>>> print(open('upload.csv').read())   # CSV, C-alpha atoms
chain,number,residue,atom,x,y,z
A,1,MET,CA,86.3,20.9,98.5
A,2,LYS,CA,89.3,23.0,97.3
A,3,ALA,CA,89.2,24.8,94.0
A,4,ALA,CA,91.0,27.6,92.0
A,5,VAL,CA,88.7,30.6,92.3
A,6,PHE,CA,88.9,33.7,90.2
A,7,GLN,CA,89.1,36.7,92.5
A,8,GLY,CA,89.2,39.4,89.8
A,9,PRO,CA,91.8,40.6,87.3
A,10,GLY,CA,95.2,39.6,88.4
A,11,SER,CA,94.2,37.3,91.3
A,12,MET,CA,93.1,33.7,91.9
A,13,ALA,CA,93.2,31.5,95.0
A,14,TRP,CA,93.1,27.8,95.9
A,15,GLN,CA,90.4,27.9,98.5
A,16,ASP,CA,87.4,26.1,100.1
A,17,VAL,CA,84.2,26.1,98.0
A,18,PRO,CA,81.0,24.0,98.3
A,19,ASP,CA,81.0,20.6,96.8
A,20,PRO,CA,79.1,20.4,93.4
A,21,GLY,CA,75.9,18.6,93.2
A,22,LEU,CA,73.6,17.3,90.4
A,23,VAL,CA,71.4,20.1,89.0
A,24,ASP,CA,70.0,18.6,85.8
A,25,PRO,CA,69.3,15.0,84.9
A,26,GLY,CA,72.0,15.0,82.3
A,27,ASP,CA,74.8,16.0,84.7
A,28,ALA,CA,77.7,14.0,86.0
A,29,ILE,CA,79.8,14.7,89.1
A,30,VAL,CA,83.5,13.9,88.3
A,31,ARG,CA,86.4,13.6,90.7
A,32,VAL,CA,89.2,15.4,89.1
A,33,ASP,CA,92.3,13.2,88.8
A,34,VAL,CA,94.5,15.3,86.4
A,35,VAL,CA,93.9,18.9,85.4
A,36,THR,CA,95.9,21.5,83.5
A,37,VAL,CA,96.1,25.3,83.1
A,38,CYS,CA,95.4,26.9,79.7
A,39,GLY,CA,96.6,30.1,78.1
A,40,THR,CA,92.9,31.1,78.1
A,41,ASP,CA,93.0,31.0,82.0
A,42,LEU,CA,95.9,33.5,81.8
A,43,HIS,CA,93.8,35.7,79.6
A,44,ILE,CA,91.0,35.5,82.2
A,45,LEU,CA,93.4,36.6,84.9
A,46,LYS,CA,94.4,39.5,82.7
A,47,GLY,CA,90.7,40.6,82.5
A,48,ASP,CA,90.5,39.7,78.8
A,49,VAL,CA,87.3,37.6,79.3
A,50,PRO,CA,84.8,39.9,81.2
A,51,GLU,CA,82.1,37.2,81.3
A,52,VAL,CA,84.2,35.4,84.0
A,53,THR,CA,83.1,37.0,87.2
A,54,PRO,CA,84.8,36.9,90.7
A,55,GLY,CA,84.0,33.7,92.5
A,56,ARG,CA,84.1,31.5,89.5
A,57,VAL,CA,86.0,28.2,89.7
A,58,LEU,CA,88.5,28.2,86.8
A,59,GLY,CA,89.5,25.5,84.4
A,60,HIS,CA,88.0,23.7,81.4
A,61,GLU,CA,90.4,20.7,80.9
A,62,ALA,CA,90.5,17.6,83.0
A,63,VAL,CA,90.6,13.8,83.3
A,64,GLY,CA,88.6,12.3,86.2
A,65,THR,CA,86.5,9.5,87.6
A,66,VAL,CA,82.7,9.7,87.5
A,67,VAL,CA,81.3,9.5,91.0
A,68,GLU,CA,77.6,10.3,90.4
A,69,THR,CA,75.3,10.7,87.4
A,70,GLY,CA,71.8,12.1,86.7
A,71,ARG,CA,69.0,9.9,85.7
A,72,ASP,CA,69.2,10.7,82.0
A,73,VAL,CA,73.0,9.9,81.6
A,74,ARG,CA,73.5,6.8,79.5
A,75,THR,CA,77.1,6.6,78.2
A,76,VAL,CA,79.1,6.9,81.5
A,77,ARG,CA,78.5,5.6,85.0
A,78,PRO,CA,80.2,5.8,88.4
A,79,GLY,CA,83.7,4.4,88.3
A,80,ASP,CA,84.4,5.3,84.7
A,81,ARG,CA,87.6,7.3,83.9
A,82,VAL,CA,86.7,10.0,81.5
A,83,LEU,CA,88.2,12.9,79.5
A,84,ILE,CA,86.2,16.1,80.2
A,85,SER,CA,85.9,18.2,77.0
A,86,CYS,CA,86.5,21.9,77.2
A,87,ILE,CA,83.3,22.3,75.2
A,88,THR,CA,79.9,21.2,76.5
A,89,ALA,CA,77.2,20.1,73.9
A,90,CYS,CA,73.5,20.0,74.5
A,91,GLY,CA,73.1,17.8,71.3
A,92,ARG,CA,69.7,19.3,70.4
A,93,CYS,CA,70.2,22.9,69.2
A,94,ARG,CA,70.8,23.9,65.6
A,95,PHE,CA,74.6,24.3,66.0
A,96,CYS,CA,75.0,21.0,67.8
A,97,ARG,CA,73.1,19.2,65.1
A,98,GLU,CA,75.6,20.7,62.6
A,99,GLY,CA,78.5,19.5,64.8
A,100,ARG,CA,79.4,23.0,65.8
A,101,TYR,CA,79.3,22.3,69.5
A,102,GLY,CA,81.4,25.4,70.3
A,103,GLN,CA,78.4,27.6,69.3
A,104,CYS,CA,75.8,25.5,71.3
A,105,ARG,CA,72.7,27.5,72.1
A,106,GLY,CA,71.1,24.9,74.4
A,107,GLY,CA,73.1,25.7,77.5
A,108,GLY,CA,76.5,24.4,76.3
A,109,GLY,CA,79.5,25.7,74.4
A,110,TRP,CA,82.5,27.0,76.4
A,111,ILE,CA,80.9,27.1,79.8
A,112,LEU,CA,83.3,25.3,82.2
A,113,GLY,CA,85.4,27.9,84.0
A,114,HIS,CA,83.6,30.6,82.0
A,115,THR,CA,79.9,30.8,82.9
A,116,VAL,CA,79.7,27.8,85.2
A,117,ASP,CA,82.3,26.5,87.7
A,118,GLY,CA,85.1,24.7,86.0
A,119,THR,CA,87.6,21.8,86.4
A,120,GLN,CA,90.4,23.2,88.5
A,121,ALA,CA,88.9,21.7,91.6
A,122,GLU,CA,88.7,18.4,93.5
A,123,TYR,CA,85.3,17.7,91.9
A,124,VAL,CA,83.3,19.2,89.0
A,125,ARG,CA,79.8,19.1,87.7
A,126,VAL,CA,79.8,18.3,84.0
A,127,PRO,CA,76.5,19.3,82.2
A,128,PHE,CA,75.3,17.2,79.3
A,129,ALA,CA,77.7,14.4,80.3
A,130,ASP,CA,76.8,12.0,77.5
A,131,LEU,CA,78.2,14.3,74.9
A,132,SER,CA,80.7,16.2,77.0
A,133,THR,CA,82.8,13.4,78.4
A,134,HIS,CA,84.8,10.7,76.7
A,135,PRO,CA,85.5,7.3,78.3
A,136,LEU,CA,89.2,6.5,78.3
A,137,PRO,CA,90.9,3.2,77.4
A,138,SER,CA,92.9,1.8,80.3
A,139,ALA,CA,96.1,2.0,78.3
A,140,VAL,CA,95.9,5.8,77.9
A,141,ASP,CA,97.7,7.7,80.6
A,142,SER,CA,95.7,10.5,82.3
A,143,PHE,CA,98.5,13.0,82.0
A,144,ASP,CA,98.6,12.4,78.2
A,145,ALA,CA,94.9,12.4,77.8
A,146,VAL,CA,94.3,15.7,79.5
A,147,LEU,CA,95.9,17.5,76.5
A,148,LEU,CA,93.1,16.3,74.3
A,149,ALA,CA,90.5,18.2,76.4
A,150,ASP,CA,91.5,21.4,74.6
A,151,ILE,CA,94.8,22.1,73.0
A,152,PHE,CA,95.0,19.3,70.5
A,153,PRO,CA,91.4,19.6,69.1
A,154,THR,CA,91.8,23.4,69.1
A,155,SER,CA,95.0,23.4,67.2
A,156,TYR,CA,93.7,20.8,64.8
A,157,GLU,CA,90.3,22.2,64.1
A,158,VAL,CA,90.8,26.0,64.4
A,159,GLY,CA,94.4,25.9,63.0
A,160,VAL,CA,94.9,23.0,60.7
A,161,LEU,CA,91.4,22.4,59.3
A,162,ASN,CA,90.4,26.0,59.2
A,163,GLY,CA,93.8,26.8,57.6
A,164,ARG,CA,93.2,24.1,55.0
A,165,VAL,CA,96.7,22.8,55.2
A,166,ARG,CA,97.6,20.7,52.2
A,167,PRO,CA,100.6,18.6,51.0
A,168,ALA,CA,103.6,20.7,50.0
A,169,ASP,CA,102.3,23.9,51.7
A,170,THR,CA,104.5,26.3,53.5
A,171,VAL,CA,102.9,26.7,57.0
A,172,VAL,CA,103.9,29.3,59.5
A,173,VAL,CA,102.9,29.0,63.1
A,174,VAL,CA,103.3,32.2,65.1
A,175,GLY,CA,103.4,31.4,68.8
A,176,ALA,CA,105.1,28.1,69.9
A,177,GLY,CA,103.2,27.7,73.1
A,178,PRO,CA,101.2,24.6,73.8
A,179,ILE,CA,98.6,25.4,71.1
A,180,GLY,CA,101.2,26.3,68.5
A,181,LEU,CA,103.2,23.2,69.2
A,182,ALA,CA,100.1,21.0,68.9
A,183,ALA,CA,99.3,22.8,65.6
A,184,ILE,CA,102.8,21.9,64.4
A,185,THR,CA,102.2,18.3,65.4
A,186,THR,CA,98.8,18.0,63.7
A,187,ALA,CA,99.8,20.0,60.6
A,188,ARG,CA,102.4,17.3,59.9
A,189,LEU,CA,99.5,14.9,59.3
A,190,TYR,CA,99.0,16.6,56.0
A,191,SER,CA,102.6,16.5,54.7
A,192,PRO,CA,103.2,20.2,54.3
A,193,GLY,CA,106.4,21.1,52.4
A,194,ARG,CA,107.8,23.1,55.4
A,195,ILE,CA,106.7,24.3,58.8
A,196,ILE,CA,108.1,27.5,60.2
A,197,ALA,CA,107.7,28.3,63.9
A,198,VAL,CA,108.0,31.9,65.3
A,199,ASP,CA,108.3,32.7,69.0
A,200,LEU,CA,110.2,35.0,71.4
A,201,ALA,CA,111.4,32.2,73.7
A,202,ALA,CA,114.4,30.1,72.6
A,203,SER,CA,113.1,27.1,74.7
A,204,ARG,CA,109.8,27.0,72.8
A,205,LEU,CA,111.6,27.3,69.4
A,206,GLU,CA,113.7,24.3,70.5
A,207,ALA,CA,110.5,22.4,71.4
A,208,ALA,CA,109.1,23.3,68.0
A,209,ARG,CA,112.1,21.8,66.2
A,210,LYS,CA,111.7,18.6,68.2
A,211,LEU,CA,108.1,18.3,67.3
A,212,GLY,CA,108.7,18.8,63.6
A,213,ALA,CA,109.2,22.4,62.6
A,214,ASP,CA,111.6,22.6,59.7
A,215,ALA,CA,112.7,26.2,60.4
A,216,THR,CA,112.4,28.5,63.5
A,217,VAL,CA,112.9,32.2,63.9
A,218,ALA,CA,112.7,34.5,66.9
A,219,ALA,CA,109.8,36.9,66.7
A,220,ASP,CA,112.2,39.9,67.0
A,221,GLU,CA,114.5,38.7,64.2
A,222,GLU,CA,112.5,39.6,61.1
A,223,PRO,CA,110.3,36.5,60.6
A,224,GLU,CA,108.6,38.2,57.7
A,225,GLN,CA,111.9,38.4,55.8
A,226,LEU,CA,112.7,34.7,56.5
A,227,VAL,CA,109.3,33.7,55.2
A,228,ALA,CA,109.8,35.8,52.1
A,229,ASP,CA,113.3,34.3,51.5
A,230,LEU,CA,112.0,30.7,51.8
A,231,THR,CA,109.1,31.3,49.5
A,232,ASP,CA,110.8,33.4,46.8
A,233,GLY,CA,108.9,36.4,48.0
A,234,LEU,CA,105.5,34.8,47.6
A,235,GLY,CA,104.5,34.3,51.2
A,236,ALA,CA,103.2,31.3,53.2
A,237,ASP,CA,100.3,29.3,52.1
A,238,VAL,CA,98.9,29.0,55.6
A,239,VAL,CA,99.7,31.3,58.6
A,240,MET,CA,98.4,30.4,62.1
A,241,GLU,CA,98.1,33.0,64.8
A,242,ALA,CA,98.5,31.3,68.2
A,243,VAL,CA,99.3,34.2,70.5
A,244,GLY,CA,96.3,36.5,70.8
A,245,VAL,CA,98.2,39.8,70.4
A,246,PRO,CA,97.0,42.5,67.9
A,247,GLU,CA,100.5,43.1,66.5
A,248,VAL,CA,101.0,39.3,66.0
A,249,PHE,CA,97.8,39.1,64.0
A,250,GLU,CA,98.8,41.9,61.8
A,251,THR,CA,102.2,40.3,61.2
A,252,CYS,CA,100.4,37.1,60.2
A,253,THR,CA,98.4,38.9,57.5
A,254,ARG,CA,101.6,40.3,56.1
A,255,MET,CA,103.3,36.9,55.8
A,256,VAL,CA,100.5,35.1,53.9
A,257,ARG,CA,100.6,34.8,50.1
A,258,PRO,CA,97.9,35.9,47.7
A,259,GLY,CA,95.1,33.4,47.9
A,260,GLY,CA,96.4,32.0,51.2
A,261,GLN,CA,94.8,31.3,54.6
A,262,VAL,CA,95.3,33.1,57.9
A,263,ALA,CA,93.8,30.9,60.8
A,264,ASN,CA,93.5,32.8,64.0
A,265,ILE,CA,93.7,30.5,67.0
A,266,GLY,CA,94.7,33.0,69.7
A,267,VAL,CA,92.4,34.5,72.3
A,268,HIS,CA,92.3,38.3,71.8
A,269,GLY,CA,91.4,40.8,74.5
A,270,LYS,CA,92.1,43.9,72.5
A,271,PRO,CA,91.2,45.1,68.9
A,272,ALA,CA,93.4,44.3,66.0
A,273,THR,CA,93.7,46.4,62.9
A,274,LEU,CA,92.5,44.7,59.7
A,275,HIS,CA,94.5,46.3,56.9
A,276,LEU,CA,91.9,45.9,54.1
A,277,GLU,CA,93.8,48.6,52.1
A,278,ASP,CA,96.4,45.9,51.6
A,279,LEU,CA,94.4,42.7,51.8
A,280,TRP,CA,91.4,43.4,49.7
A,281,ILE,CA,93.2,42.6,46.5
A,282,LYS,CA,95.1,39.5,47.7
A,283,ASP,CA,92.2,37.0,47.9
A,284,VAL,CA,93.2,36.1,51.5
A,285,THR,CA,90.9,34.1,53.7
A,286,ILE,CA,90.9,34.9,57.4
A,287,THR,CA,89.2,32.4,59.8
A,288,THR,CA,88.4,32.6,63.4
A,289,GLY,CA,86.9,29.9,65.6
A,290,LEU,CA,86.2,28.3,68.9
A,291,VAL,CA,86.9,24.6,69.0
A,292,ASP,CA,84.0,22.3,68.5
A,293,THR,CA,85.8,19.1,69.7
A,294,THR,CA,84.3,17.0,67.0
A,295,SER,CA,87.8,15.6,66.4
A,296,THR,CA,88.3,14.4,70.0
A,297,PRO,CA,87.3,10.8,69.3
A,298,MET,CA,89.7,10.6,66.4
A,299,LEU,CA,92.5,12.1,68.4
A,300,LEU,CA,91.9,9.7,71.2
A,301,HIS,CA,92.3,6.8,68.8
A,302,MET,CA,95.5,8.3,67.6
A,303,LEU,CA,96.7,8.8,71.2
A,304,ALA,CA,95.9,5.2,72.1
A,305,ALA,CA,97.9,4.1,69.0
A,306,GLY,CA,100.9,6.1,70.1
A,307,ARG,CA,100.5,8.6,67.2
A,308,LEU,CA,100.4,11.8,69.2
A,309,PRO,CA,103.5,13.0,71.2
A,310,THR,CA,101.5,14.5,74.0
A,311,SER,CA,103.8,13.6,76.8
A,312,GLU,CA,106.5,15.9,75.3
A,313,LEU,CA,104.4,18.9,76.0
A,314,VAL,CA,104.0,18.4,79.7
A,315,THR,CA,107.1,20.0,81.2
A,316,HIS,CA,106.0,20.5,84.8
A,317,ARG,CA,103.9,18.3,87.1
A,318,PHE,CA,102.3,19.3,90.4
A,319,GLU,CA,100.0,17.9,93.1
A,320,LEU,CA,96.5,19.3,92.8
A,321,GLY,CA,97.0,21.5,95.9
A,322,GLN,CA,99.9,23.3,94.3
A,323,MET,CA,97.6,25.1,91.9
A,324,GLU,CA,98.9,28.6,92.8
A,325,GLU,CA,102.5,27.5,92.2
A,326,ALA,CA,101.4,25.9,88.9
A,327,TYR,CA,99.8,29.2,87.7
A,328,ASP,CA,103.0,31.0,88.6
A,329,VAL,CA,105.2,28.7,86.7
A,330,PHE,CA,103.0,28.6,83.6
A,331,GLY,CA,102.5,32.4,83.7
A,332,ARG,CA,106.3,32.9,83.7
A,333,ALA,CA,106.9,30.5,80.9
A,334,SER,CA,109.7,32.6,79.4
A,335,ASP,CA,111.6,32.3,82.6
A,336,THR,CA,110.6,28.7,83.7
A,337,GLY,CA,110.6,27.1,80.2
A,338,ALA,CA,107.1,25.7,80.9
A,339,LEU,CA,105.1,24.4,78.0
A,340,LYS,CA,102.2,22.7,79.7
A,341,VAL,CA,101.7,22.2,83.4
A,342,ALA,CA,99.6,19.3,84.7
A,343,LEU,CA,98.4,18.7,88.2
A,344,GLY,CA,97.2,15.5,89.8
A,345,GLY,CA,98.1,12.6,92.1
A,346,PRO,CA,100.2,9.6,91.2
A,347,GLN,CA,98.8,7.4,88.5
A,348,HIS,CA,98.8,3.6,89.1
A,349,THR,CA,98.6,1.9,85.7
A,350,ALA,CA,100.1,-1.4,86.6
A,351,VAL,CA,100.0,-3.7,89.6
A,352,GLN,CA,103.2,-5.2,90.9
A,353,ALA,CA,102.7,-8.9,91.6
A,354,PRO,CA,104.2,-10.2,94.8
A,355,ASP,CA,107.2,-12.5,94.7
A,356,PRO,CA,106.3,-16.2,94.9
A,357,PRO,CA,106.9,-17.8,98.3
A,358,ALA,CA,110.3,-19.5,98.7
A,359,ALA,CA,110.3,-23.3,98.3
A,360,ALA,CA,110.2,-25.2,101.5
>>> encode(input="upload.csv", output="structure tokens")
Amino acid sequence: MKAAVFQGPGSMAWQDVPDPGLVDPGDAIVRVDVVTVCGTDLHILKGDVPEVTPGRVLGHEAVGTVVETGRDVRTVRPGDRVLISCITACGRCRFCREGRYGQCRGGGGWILGHTVDGTQAEYVRVPFADLSTHPLPSAVDSFDAVLLADIFPTSYEVGVLNGRVRPADTVVVVGAGPIGLAAITTARLYSPGRIIAVDLAASRLEAARKLGADATVAADEEPEQLVADLTDGLGADVVMEAVGVPEVFETCTRMVRPGGQVANIGVHGKPATLHLEDLWIKDVTITTGLVDTTSTPMLLHMLAAGRLPTSELVTHRFELGQMEEAYDVFGRASDTGALKVALGGPQHTAVQAPDPPAAA
């Protein structure tokens, strides 16, 4: 089969690799129908995730069709269309029993495209398939559903829930990429007083406004001053870091009010300075987190009910074999205007009935 293979920092290739096979009785083999590229994949290419070694098939988000299952799989069967979660859960370890699947110690956690071969391929082996795949209703489009593999549960759990967004809060989202935009969308579920989006790209700030941001500001146009002006100098109740850059994290800690929340969502590859000389007296809570995906079933229900604007985030579509082009477009988002890229074949969700024969 063909797959996107990590060659080392700065390089990936769409190349031939062996077909995956069942290894454990809880595995499923899934034909990949729709897949996407994540900002974390770009961090991997930069060398920010050293656990990913050359030869690894990349990717941790996909929608596909089950083609084979191990003898212990009970909840899906060949022919089922499923969402593949970015997080794999053994279901038995201490953390899985607490619903903290991202910290699984039984062979799961974030493994796809990280420590085992991932989803940016024609086929993928999904370990612990009963807890790591979600059957999809026929009415849910695959290009919409793929955004629930990672960015929507991540933004909701690591940003909105960890940030404890409440009604009337001033919420600042720094970074209006896919994760930041999903954070804006899911923060609105809690009726904050205002949402402020910060980014360098004008196209992403425009997308933030369309998805519900009440105010936007370019990252190089004194966002700290705008937040101060809008809060009478107090600072934001919740600030979400959705970039993964040390300077951005430090900016977030300066924009939060005393007693406020800083929710770090971004993937960091370099150390950030924690200015405790300023923060120790402010009662600020700083959270980090890897998504657990416990919210995925709820988000799927919302998607099926038309309550999540997922399709607005997919700006570029490609055939699966155009993986290298998709990476290039997504990696140059400031030039291309890309928010989320999705790859896959045409989706046939309706059958056109033939015209009735003419009367004799």
>>> atom_distance(input="upload.csv", atom1="atom CA of Leu200 of chain A", atom2="atom CA of Trp110 of chain A")
29.3 Å
>>> closest_residue(input="upload.csv", among="A:Gly8, A:Gly79, A:Gly344, A:Gly289", to="Tyr156 of chain A", atoms="only C-alpha atoms")
A:Gly289
>>> residues_around(input="upload.csv", residues="Ala62 of chain A", least_positions_apart="3", cutoff="8 Å", atoms="all atoms listed in the file", output="PyMOL selection string")
chain A and resi 32-36+83-85+119-120+146+149
>>> atom_distance(input="upload.csv", atom1="atom CA of Val198 of chain A", atom2="atom CA of Gln225 of chain A")
12.2 Å
>>> atom_distance(input="upload.csv", atom1="atom CA of Pro246 of chain A", atom2="atom CA of Tyr101 of chain A")
26.9 Å
>>> closest_residue(input="upload.csv", among="A:Glu206, A:Glu247, A:Asp199, A:Asp80", to="His275 of chain A", atoms="all atoms listed in the file")
A:Glu247
>>> closest_residue(input="upload.csv", among="A:Arg332, A:Lys282, A:Lys340, A:Arg125", to="Val314 of chain A", atoms="only C-alpha atoms")
A:Lys340
>>> closest_residue(input="upload.csv", among="A:Ser11, A:Thr154, A:Gln261, A:Thr185", to="Ala213 of chain A", atoms="only C-alpha atoms")
A:Thr185
>>> residues_around(input="upload.csv", residues="segment 13-17 of chain A", least_positions_apart="3", cutoff="9 Å", atoms="all atoms listed in the file", output="compact mmCIF listing (two decimals) with C-alpha atoms, keeping the file's coordinate frame")
# COMPACT_ATOMS: atom_id res chain seq x y z
CA MET A 1 86.30 20.90 98.50
CA LYS A 2 89.30 23.00 97.30
CA ALA A 3 89.20 24.80 94.00
CA ALA A 4 91.00 27.60 92.00
CA VAL A 5 88.70 30.60 92.30
CA PHE A 6 88.90 33.70 90.20
CA GLN A 7 89.10 36.70 92.50
CA PRO A 20 79.10 20.40 93.40
CA VAL A 57 86.00 28.20 89.70
CA ALA A 121 88.90 21.70 91.60
CA GLY A 321 97.00 21.50 95.90
CA GLN A 322 99.90 23.30 94.30
CA MET A 323 97.60 25.10 91.90
CA GLU A 324 98.90 28.60 92.80
>>> residues_around(input="upload.csv", residues="Val76 of chain A", least_positions_apart="3", cutoff="12 Å", atoms="all atoms listed in the file", output="ChimeraX atom specification")
/A:26-30,64-73,79-84,126,128-136
>>> residues_near_point(input="upload.csv", point="(111.3, 24.7, 59.2)", cutoff="8 Å", atoms="only C-alpha atoms", output="PyMOL selection string")
chain A and resi 194-197+209+212-216
>>> closest_residue(input="upload.csv", among="A:Ala183, A:Leu45, A:Phe249, A:Asp117", to="Gly21 of chain A", atoms="only C-alpha atoms")
A:Asp117
>>> closest_atom_pairs(input="upload.csv", of="segment 297-321 of chain A", to="segment 176-179 of chain A", cutoff="12 Å", atoms="only C-alpha atoms", output="JSON lines")
{"residue": "A:Thr310", "atom": "CA", "partner": "A:Pro178", "partner_atom": "CA", "distance": 10.1}
{"residue": "A:Ser311", "atom": "CA", "partner": "A:Pro178", "partner_atom": "CA", "distance": 11.7}
{"residue": "A:Glu312", "atom": "CA", "partner": "A:Pro178", "partner_atom": "CA", "distance": 10.3}
{"residue": "A:Leu313", "atom": "CA", "partner": "A:Pro178", "partner_atom": "CA", "distance": 6.9}
{"residue": "A:Val314", "atom": "CA", "partner": "A:Pro178", "partner_atom": "CA", "distance": 9.0}
{"residue": "A:Thr315", "atom": "CA", "partner": "A:Pro178", "partner_atom": "CA", "distance": 10.5}
>>> closest_residue(input="upload.csv", among="A:Gly345, A:Gly91, A:Pro25, A:Pro78", to="Gly109 of chain A", atoms="all atoms listed in the file")
A:Gly91
>>> residues_around(input="upload.csv", residues="Gly244 of chain A", least_positions_apart="4", cutoff="7 Å", atoms="only C-alpha atoms", output="PyMOL selection string")
chain A and resi 266-268
>>> residues_around(input="upload.csv", residues="Met298 of chain A", least_positions_apart="6", cutoff="12 Å", atoms="only C-alpha atoms", output="PyMOL selection string")
chain A and resi 134+148+152-153+156-157+304-305+307-308
>>> build_atoms(input="upload.csv", residues="segment 257-269 of chain A", atoms="N, CA, C and O atoms", output="PDB file, in the coordinates of the input")
ATOM      1  N   ARG A 257     100.570  34.509  51.534  1.00  0.00           N
ATOM      2  CA  ARG A 257     100.600  34.800  50.100  1.00  0.00           C
ATOM      3  C   ARG A 257      99.262  35.149  49.546  1.00  0.00           C
ATOM      4  O   ARG A 257      98.235  34.930  50.204  1.00  0.00           O
ATOM      5  N   PRO A 258      99.199  35.721  48.348  1.00  0.00           N
ATOM      6  CA  PRO A 258      97.900  35.900  47.700  1.00  0.00           C
ATOM      7  C   PRO A 258      97.149  34.591  47.575  1.00  0.00           C
ATOM      8  O   PRO A 258      97.731  33.579  47.180  1.00  0.00           O
ATOM      9  N   GLY A 259      95.884  34.595  47.963  1.00  0.00           N
ATOM     10  CA  GLY A 259      95.100  33.400  47.900  1.00  0.00           C
ATOM     11  C   GLY A 259      95.326  32.449  49.096  1.00  0.00           C
ATOM     12  O   GLY A 259      94.785  31.335  49.117  1.00  0.00           O
ATOM     13  N   GLY A 260      96.114  32.888  50.069  1.00  0.00           N
ATOM     14  CA  GLY A 260      96.400  32.000  51.200  1.00  0.00           C
ATOM     15  C   GLY A 260      95.437  32.148  52.341  1.00  0.00           C
ATOM     16  O   GLY A 260      94.405  32.816  52.236  1.00  0.00           O
ATOM     17  N   GLN A 261      95.754  31.453  53.453  1.00  0.00           N
ATOM     18  CA  GLN A 261      94.800  31.300  54.600  1.00  0.00           C
ATOM     19  C   GLN A 261      95.525  31.862  55.855  1.00  0.00           C
ATOM     20  O   GLN A 261      96.667  31.490  56.143  1.00  0.00           O
ATOM     21  N   VAL A 262      94.825  32.692  56.604  1.00  0.00           N
ATOM     22  CA  VAL A 262      95.300  33.100  57.900  1.00  0.00           C
ATOM     23  C   VAL A 262      94.248  32.489  58.924  1.00  0.00           C
ATOM     24  O   VAL A 262      93.062  32.837  58.889  1.00  0.00           O
ATOM     25  N   ALA A 263      94.706  31.567  59.765  1.00  0.00           N
ATOM     26  CA  ALA A 263      93.800  30.900  60.800  1.00  0.00           C
ATOM     27  C   ALA A 263      94.160  31.476  62.122  1.00  0.00           C
ATOM     28  O   ALA A 263      95.242  31.231  62.663  1.00  0.00           O
ATOM     29  N   ASN A 264      93.245  32.255  62.674  1.00  0.00           N
ATOM     30  CA  ASN A 264      93.500  32.800  64.000  1.00  0.00           C
ATOM     31  C   ASN A 264      93.017  31.815  65.063  1.00  0.00           C
ATOM     32  O   ASN A 264      91.858  31.400  65.095  1.00  0.00           O
ATOM     33  N   ILE A 265      93.953  31.416  65.920  1.00  0.00           N
ATOM     34  CA  ILE A 265      93.700  30.500  67.000  1.00  0.00           C
ATOM     35  C   ILE A 265      93.690  31.262  68.353  1.00  0.00           C
ATOM     36  O   ILE A 265      92.993  30.911  69.291  1.00  0.00           O
ATOM     37  N   GLY A 266      94.516  32.309  68.453  1.00  0.00           N
ATOM     38  CA  GLY A 266      94.700  33.000  69.700  1.00  0.00           C
ATOM     39  C   GLY A 266      93.500  33.666  70.266  1.00  0.00           C
ATOM     40  O   GLY A 266      92.583  34.048  69.533  1.00  0.00           O
ATOM     41  N   VAL A 267      93.487  33.824  71.592  1.00  0.00           N
ATOM     42  CA  VAL A 267      92.400  34.500  72.300  1.00  0.00           C
ATOM     43  C   VAL A 267      92.778  35.993  72.396  1.00  0.00           C
ATOM     44  O   VAL A 267      93.794  36.336  72.992  1.00  0.00           O
ATOM     45  N   HIS A 268      91.965  36.836  71.812  1.00  0.00           N
ATOM     46  CA  HIS A 268      92.300  38.300  71.800  1.00  0.00           C
ATOM     47  C   HIS A 268      91.439  39.044  72.780  1.00  0.00           C
ATOM     48  O   HIS A 268      90.214  38.888  72.833  1.00  0.00           O
ATOM     49  N   GLY A 269      92.111  39.894  73.547  1.00  0.00           N
ATOM     50  CA  GLY A 269      91.400  40.800  74.500  1.00  0.00           C
ATOM     51  C   GLY A 269      91.391  42.204  74.069  1.00  0.00           C
ATOM     52  O   GLY A 269      90.772  43.041  74.721  1.00  0.00           O
TER      53      GLY A 269
END
